[in-house]
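Read through the structure below, which is laid out as structure tokens, and then see the notes.
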Amino acid sequence: MFTKRIIPCLDVKDGRVVKGTNFINLRDAGDPVEVGANYSKNGADELVFLDITASSDKRNTVVDMVRKVAENVFIPFTVGGGIRTVDDFKTILRAGADKVAVNSAAIDNPQVISDAASKFGSQCVVCAIDAKRRADGNGWTIYKHGGRIDMGIDAVEWARRAYELGAGEILLTSMDCDGTKEGYDCELTRAVSDVVEIPVIASGGAGAYEHFLDAFEIGHADAVLAASLFHYKEMEISDLKDYLNKHNIPVRL
């Protein structure tokens, strides 16, 4: 059985780690290099770095910062934000990332998923999906540009298509749950996990130990991502892993 992964996320804006609620009201959480290095030392299985305004600002990811973080972390490292082309993948991988997450550009041009997978291998390609429940409560649609634009595309169908195009992993964020600390959207996570044969990372809403357990047991997630809980020391990764281990979830202790 594969071990389940605990992944802190660095949402980076203007060179600082930030965290908000439902994608707004951002507050500072420190220097990305320092924060990333601490997670690398303190039991995180992987690290995700998202340049959260790169796509909406129509600019590329801050490569120098990616390089500095990569030099200080010794766990698998995923970078996203402003990735538009296969050349962008190459630049980020050369800067030290192990995987590259693509969101808005993949919605605009799904071929970028297959092109990147064929050039660098599926294991390098993460399809990031920001999903929000429809007003009528029936399913979820995907958003691009950091949750700013509703694409009207069904989230579960898009995840299936990304998998078929060659994505090696899905980073699935519930916009409704993001930053609320009321738990992951396990219904959304399970709906996606059950239609793809690649790992799904649940993101958005962690606030207590049982939320992580629910994501694995109810949501069928392969990994869980969290930010503010870890950034502001409300929970230590080692304590979380002890809790999960006691509840028979296989984790790397």
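Quick note on naming: the chains in the structure tokens go A, B, ... in the order shown, residues restart at 1 in each chain, and ligands are numbered from 1 in order of appearance.
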Just asking: which residues within range 23-137 of chain A are strand (DSSP E or B) according to DSSP, as a PDB file with N, CA, C and O atoms, in the first residue's frame?
ATOM      1  N   ILE A  24      -9.492  35.101  -0.987  1.00  0.00           N
ATOM      2  CA  ILE A  24      -9.364  36.545  -0.759  1.00  0.00           C
ATOM      3  C   ILE A  24      -8.872  36.809   0.666  1.00  0.00           C
ATOM      4  O   ILE A  24      -8.640  35.877   1.429  1.00  0.00           O
ATOM      5  N   ASN A  25      -8.729  38.104   1.029  1.00  0.00           N
ATOM      6  CA  ASN A  25      -8.278  38.515   2.381  1.00  0.00           C
ATOM      7  C   ASN A  25      -6.938  37.865   2.748  1.00  0.00           C
ATOM      8  O   ASN A  25      -6.820  37.163   3.753  1.00  0.00           O
ATOM      9  N   LEU A  26      -5.930  38.126   1.929  1.00  0.00           N
ATOM     10  CA  LEU A  26      -4.623  37.489   2.128  1.00  0.00           C
ATOM     11  C   LEU A  26      -3.861  38.115   3.289  1.00  0.00           C
ATOM     12  O   LEU A  26      -3.876  39.319   3.473  1.00  0.00           O
ATOM     13  N   ARG A  27      -3.161  37.272   4.077  1.00  0.00           N
ATOM     14  CA  ARG A  27      -2.275  37.809   5.114  1.00  0.00           C
ATOM     15  C   ARG A  27      -0.906  37.138   5.012  1.00  0.00           C
ATOM     16  O   ARG A  27      -0.787  36.025   4.496  1.00  0.00           O
ATOM     17  N   ASP A  28       0.090  37.830   5.520  1.00  0.00           N
ATOM     18  CA  ASP A  28       1.482  37.396   5.357  1.00  0.00           C
ATOM     19  C   ASP A  28       1.788  36.171   6.225  1.00  0.00           C
ATOM     20  O   ASP A  28       1.315  36.063   7.352  1.00  0.00           O
ATOM     21  N   ALA A  29       2.610  35.262   5.664  1.00  0.00           N
ATOM     22  CA  ALA A  29       3.002  34.076   6.425  1.00  0.00           C
ATOM     23  C   ALA A  29       4.496  33.797   6.324  1.00  0.00           C
ATOM     24  O   ALA A  29       4.945  32.718   6.685  1.00  0.00           O
ATOM     25  N   GLY A  30       5.280  34.778   5.836  1.00  0.00           N
ATOM     26  CA  GLY A  30       6.729  34.613   5.888  1.00  0.00           C
ATOM     27  C   GLY A  30       7.447  34.552   4.551  1.00  0.00           C
ATOM     28  O   GLY A  30       6.866  34.696   3.489  1.00  0.00           O
ATOM     29  N   LEU A  47       6.451  19.528  -1.098  1.00  0.00           N
ATOM     30  CA  LEU A  47       6.160  20.952  -0.945  1.00  0.00           C
ATOM     31  C   LEU A  47       5.576  21.467  -2.254  1.00  0.00           C
ATOM     32  O   LEU A  47       6.027  21.090  -3.330  1.00  0.00           O
ATOM     33  N   VAL A  48       4.540  22.312  -2.150  1.00  0.00           N
ATOM     34  CA  VAL A  48       3.970  22.947  -3.337  1.00  0.00           C
ATOM     35  C   VAL A  48       4.167  24.456  -3.230  1.00  0.00           C
ATOM     36  O   VAL A  48       3.907  25.049  -2.172  1.00  0.00           O
ATOM     37  N   PHE A  49       4.653  25.062  -4.307  1.00  0.00           N
ATOM     38  CA  PHE A  49       4.897  26.512  -4.388  1.00  0.00           C
ATOM     39  C   PHE A  49       4.011  27.040  -5.512  1.00  0.00           C
ATOM     40  O   PHE A  49       4.154  26.636  -6.659  1.00  0.00           O
ATOM     41  N   LEU A  50       3.055  27.918  -5.178  1.00  0.00           N
ATOM     42  CA  LEU A  50       2.164  28.485  -6.195  1.00  0.00           C
ATOM     43  C   LEU A  50       2.313  29.998  -6.234  1.00  0.00           C
ATOM     44  O   LEU A  50       2.060  30.687  -5.239  1.00  0.00           O
ATOM     45  N   ASP A  51       2.744  30.494  -7.386  1.00  0.00           N
ATOM     46  CA  ASP A  51       2.818  31.949  -7.604  1.00  0.00           C
ATOM     47  C   ASP A  51       1.393  32.377  -7.982  1.00  0.00           C
ATOM     48  O   ASP A  51       0.976  32.276  -9.129  1.00  0.00           O
ATOM     49  N   PHE A  77       9.291  18.736  -4.901  1.00  0.00           N
ATOM     50  CA  PHE A  77       8.912  20.143  -4.909  1.00  0.00           C
ATOM     51  C   PHE A  77       8.130  20.447  -6.194  1.00  0.00           C
ATOM     52  O   PHE A  77       8.644  20.242  -7.285  1.00  0.00           O
ATOM     53  N   THR A  78       6.880  20.882  -6.034  1.00  0.00           N
ATOM     54  CA  THR A  78       6.018  21.204  -7.181  1.00  0.00           C
ATOM     55  C   THR A  78       5.851  22.715  -7.282  1.00  0.00           C
ATOM     56  O   THR A  78       5.629  23.383  -6.265  1.00  0.00           O
ATOM     57  N   VAL A  79       5.925  23.240  -8.501  1.00  0.00           N
ATOM     58  CA  VAL A  79       5.793  24.692  -8.710  1.00  0.00           C
ATOM     59  C   VAL A  79       4.679  24.959  -9.721  1.00  0.00           C
ATOM     60  O   VAL A  79       4.589  24.295 -10.749  1.00  0.00           O
ATOM     61  N   GLY A  80       3.849  25.960  -9.426  1.00  0.00           N
ATOM     62  CA  GLY A  80       2.792  26.354 -10.350  1.00  0.00           C
ATOM     63  C   GLY A  80       2.573  27.854 -10.324  1.00  0.00           C
ATOM     64  O   GLY A  80       3.049  28.555  -9.438  1.00  0.00           O
ATOM     65  N   LYS A  99       8.221  18.746 -10.096  1.00  0.00           N
ATOM     66  CA  LYS A  99       6.956  18.678 -10.837  1.00  0.00           C
ATOM     67  C   LYS A  99       6.491  20.094 -11.116  1.00  0.00           C
ATOM     68  O   LYS A  99       6.853  21.032 -10.399  1.00  0.00           O
ATOM     69  N   VAL A 100       5.651  20.222 -12.142  1.00  0.00           N
ATOM     70  CA  VAL A 100       5.121  21.537 -12.518  1.00  0.00           C
ATOM     71  C   VAL A 100       3.605  21.447 -12.561  1.00  0.00           C
ATOM     72  O   VAL A 100       3.045  20.533 -13.180  1.00  0.00           O
ATOM     73  N   ALA A 101       2.947  22.389 -11.886  1.00  0.00           N
ATOM     74  CA  ALA A 101       1.483  22.421 -11.868  1.00  0.00           C
ATOM     75  C   ALA A 101       0.989  23.444 -12.879  1.00  0.00           C
ATOM     76  O   ALA A 101       1.489  24.569 -12.941  1.00  0.00           O
ATOM     77  N   VAL A 102      -0.002  23.037 -13.664  1.00  0.00           N
ATOM     78  CA  VAL A 102      -0.571  23.934 -14.673  1.00  0.00           C
ATOM     79  C   VAL A 102      -2.086  23.972 -14.458  1.00  0.00           C
ATOM     80  O   VAL A 102      -2.705  22.949 -14.176  1.00  0.00           O
ATOM     81  N   VAL A 125       3.952  16.250 -14.470  1.00  0.00           N
ATOM     82  CA  VAL A 125       2.836  17.121 -14.849  1.00  0.00           C
ATOM     83  C   VAL A 125       1.688  17.017 -13.844  1.00  0.00           C
ATOM     84  O   VAL A 125       1.064  15.960 -13.699  1.00  0.00           O
ATOM     85  N   VAL A 126       1.425  18.117 -13.158  1.00  0.00           N
ATOM     86  CA  VAL A 126       0.330  18.187 -12.191  1.00  0.00           C
ATOM     87  C   VAL A 126      -0.748  19.112 -12.759  1.00  0.00           C
ATOM     88  O   VAL A 126      -0.463  20.255 -13.101  1.00  0.00           O
ATOM     89  N   CYS A 127      -1.962  18.607 -12.873  1.00  0.00           N
ATOM     90  CA  CYS A 127      -3.066  19.472 -13.303  1.00  0.00           C
ATOM     91  C   CYS A 127      -3.734  20.026 -12.041  1.00  0.00           C
ATOM     92  O   CYS A 127      -4.312  19.268 -11.245  1.00  0.00           O
ATOM     93  N   ALA A 128      -3.610  21.342 -11.846  1.00  0.00           N
ATOM     94  CA  ALA A 128      -4.241  21.995 -10.695  1.00  0.00           C
ATOM     95  C   ALA A 128      -5.647  22.418 -11.096  1.00  0.00           C
ATOM     96  O   ALA A 128      -5.853  23.008 -12.160  1.00  0.00           O
ATOM     97  N   ILE A 129      -6.610  22.092 -10.254  1.00  0.00           N
ATOM     98  CA  ILE A 129      -8.016  22.409 -10.541  1.00  0.00           C
ATOM     99  C   ILE A 129      -8.606  23.178  -9.361  1.00  0.00           C
ATOM    100  O   ILE A 129      -8.567  22.704  -8.226  1.00  0.00           O
ATOM    101  N   ASP A 130      -9.132  24.371  -9.639  1.00  0.00           N
ATOM    102  CA  ASP A 130      -9.855  25.156  -8.635  1.00  0.00           C
ATOM    103  C   ASP A 130     -11.338  24.980  -8.937  1.00  0.00           C
ATOM    104  O   ASP A 130     -11.816  25.406  -9.997  1.00  0.00           O
ATOM    105  N   ALA A 131     -12.067  24.348  -8.029  1.00  0.00           N
ATOM    106  CA  ALA A 131     -13.465  23.999  -8.289  1.00  0.00           C
ATOM    107  C   ALA A 131     -14.397  24.611  -7.257  1.00  0.00           C
ATOM    108  O   ALA A 131     -14.058  24.714  -6.076  1.00  0.00           O
ATOM    109  N   LYS A 132     -15.583  25.009  -7.727  1.00  0.00           N
ATOM    110  CA  LYS A 132     -16.586  25.605  -6.847  1.00  0.00           C
ATOM    111  C   LYS A 132     -17.934  24.944  -7.120  1.00  0.00           C
ATOM    112  O   LYS A 132     -18.282  24.710  -8.288  1.00  0.00           O
ATOM    113  N   ARG A 133     -18.654  24.659  -6.049  1.00  0.00           N
ATOM    114  CA  ARG A 133     -19.964  24.023  -6.204  1.00  0.00           C
ATOM    115  C   ARG A 133     -20.922  24.958  -6.936  1.00  0.00           C
ATOM    116  O   ARG A 133     -20.941  26.163  -6.683  1.00  0.00           O
TER     117      ARG A 133
END
Open item on the list: When you look at Lys181 in chain A with a cut-off of 9 Å (counting only C-alpha atoms), what residues show up, excluding the ones that are within fewer than 2 positions of it in the same chain? I need them as number ranges by chain.
Closed with: A: 177-179, 183-184, 204-208, 211, 229
Any chance you could export the current selection's C-alpha atoms as a tab-separated table (two decimals), in the first residue's frame?
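Resulting contents of part-v8.tsv:
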chain	number	residue	atom	x	y	z
A	177	CYS	CA	-13.73	25.25	1.64
A	178	ASP	CA	-10.43	27.12	1.08
A	179	GLY	CA	-9.19	28.73	4.31
A	183	GLY	CA	-12.87	20.39	6.46
A	184	TYR	CA	-12.09	19.31	2.91
A	204	GLY	CA	-8.84	23.58	0.82
A	205	GLY	CA	-10.43	23.52	4.27
A	206	ALA	CA	-8.19	21.62	6.70
A	207	GLY	CA	-8.73	22.72	10.29
A	208	ALA	CA	-8.48	19.63	12.51
A	211	HIS	CA	-10.38	16.53	8.45
A	229	LEU	CA	-2.66	25.39	9.78
Task: Those in range 24-160 of chain A with helix (DSSP H, G or I) from DSSP, as a PyMOL selection string - done: chain A and resi 32-41+63-72+86-94+104-108+111-120+122-124+155-160
Select from range 152-219 of chain A every residue with an atom at most 10 Å from any atom of range 231-246 of chain A, then for each give the shortest pair of atoms and their distance in Å to one decimal, using only C-alpha atoms, rows by chain and rising number, as a tab-separated table.
residue	atom	partner	partner_atom	distance
A:Gly207	CA	A:Glu234	CA	8.8
A:Ala208	CA	A:Met235	CA	8.3
A:Tyr209	CA	A:Leu240	CA	6.4
A:Glu210	CA	A:Leu244	CA	8.7
A:Phe212	CA	A:Leu244	CA	8.0
A:Leu213	CA	A:Leu244	CA	6.6
A:Phe216	CA	A:Leu244	CA	9.6
Could you turn the residues from that selection into a file that holds all heavy atoms, as a compact mmCIF listing (two decimals), in the first residue's frame?
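Final output, saved to out-v3.txt:
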# COMPACT_ATOMS: atom_id res chain seq x y z
N GLY A 207 -8.73 21.95 9.05
CA GLY A 207 -8.73 22.72 10.29
C GLY A 207 -8.54 21.86 11.52
O GLY A 207 -8.35 22.37 12.62
N ALA A 208 -8.60 20.54 11.36
CA ALA A 208 -8.48 19.63 12.51
C ALA A 208 -7.95 18.28 12.01
O ALA A 208 -8.04 17.97 10.83
CB ALA A 208 -9.85 19.45 13.17
N TYR A 209 -7.43 17.50 12.95
CA TYR A 209 -6.86 16.20 12.58
C TYR A 209 -7.86 15.34 11.81
O TYR A 209 -7.51 14.70 10.81
CB TYR A 209 -6.43 15.44 13.85
CG TYR A 209 -5.25 16.02 14.57
CD1 TYR A 209 -5.35 16.41 15.90
CD2 TYR A 209 -4.02 16.16 13.93
CE1 TYR A 209 -4.25 16.95 16.58
CE2 TYR A 209 -2.92 16.69 14.59
CZ TYR A 209 -3.03 17.08 15.92
OH TYR A 209 -1.96 17.61 16.58
N GLU A 210 -9.11 15.33 12.27
CA GLU A 210 -10.10 14.44 11.63
C GLU A 210 -10.40 14.84 10.18
O GLU A 210 -10.84 14.01 9.39
CB GLU A 210 -11.39 14.35 12.45
CG GLU A 210 -12.06 15.66 12.76
CD GLU A 210 -11.63 16.25 14.11
OE1 GLU A 210 -10.50 15.96 14.57
OE2 GLU A 210 -12.43 17.01 14.68
N PHE A 212 -8.20 15.62 7.93
CA PHE A 212 -7.22 14.90 7.11
C PHE A 212 -7.63 13.43 6.98
O PHE A 212 -7.57 12.86 5.89
CB PHE A 212 -5.82 15.01 7.73
CG PHE A 212 -5.26 16.41 7.72
CD1 PHE A 212 -5.44 17.25 8.80
CD2 PHE A 212 -4.53 16.88 6.64
CE1 PHE A 212 -4.92 18.54 8.81
CE2 PHE A 212 -4.00 18.16 6.63
CZ PHE A 212 -4.20 18.99 7.71
N LEU A 213 -8.06 12.86 8.09
CA LEU A 213 -8.51 11.46 8.08
C LEU A 213 -9.69 11.29 7.14
O LEU A 213 -9.74 10.34 6.33
CB LEU A 213 -8.90 11.05 9.51
CG LEU A 213 -9.30 9.58 9.71
CD1 LEU A 213 -8.13 8.66 9.41
CD2 LEU A 213 -9.79 9.36 11.14
N PHE A 216 -8.77 11.17 3.44
CA PHE A 216 -8.25 9.88 3.01
C PHE A 216 -9.35 8.81 2.99
O PHE A 216 -9.50 8.08 2.02
CB PHE A 216 -7.12 9.42 3.93
CG PHE A 216 -5.86 10.24 3.81
CD1 PHE A 216 -5.24 10.78 4.94
CD2 PHE A 216 -5.28 10.48 2.57
CE1 PHE A 216 -4.08 11.54 4.84
CE2 PHE A 216 -4.12 11.24 2.45
CZ PHE A 216 -3.52 11.76 3.59
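CA of Gly82 in chain A to CA of Asn109 in chain A spans 13.5 Å [interatomic distance, one decimal].
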Open item on the list: At a cut-off of 12 Å, using only C-alpha atoms, what residues contact Gly81 in chain A? Leave out same-chain residues fewer than 5 positions from it and give the result as a ChimeraX atom specification.
Closed with: /A:10-13,48-63,66,88-89,92,100-106,126-128,144-146
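With only C-alpha atoms as the atoms that count, the minimum distance from Ala97 in chain A to the choices A:Arg67, A:Lys19, A:Lys4, A:Arg148 is reached by A:Arg67.
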Open item on the list: Please compute the CA of Gly43 in chain A-CA of Asp222 in chain A distance, one decimal, in Å.
Closed with: 17.1 Å
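Atom to atom, CA of Gln123 in chain A and CA of Gly168 in chain A stand 4.8 Å apart.
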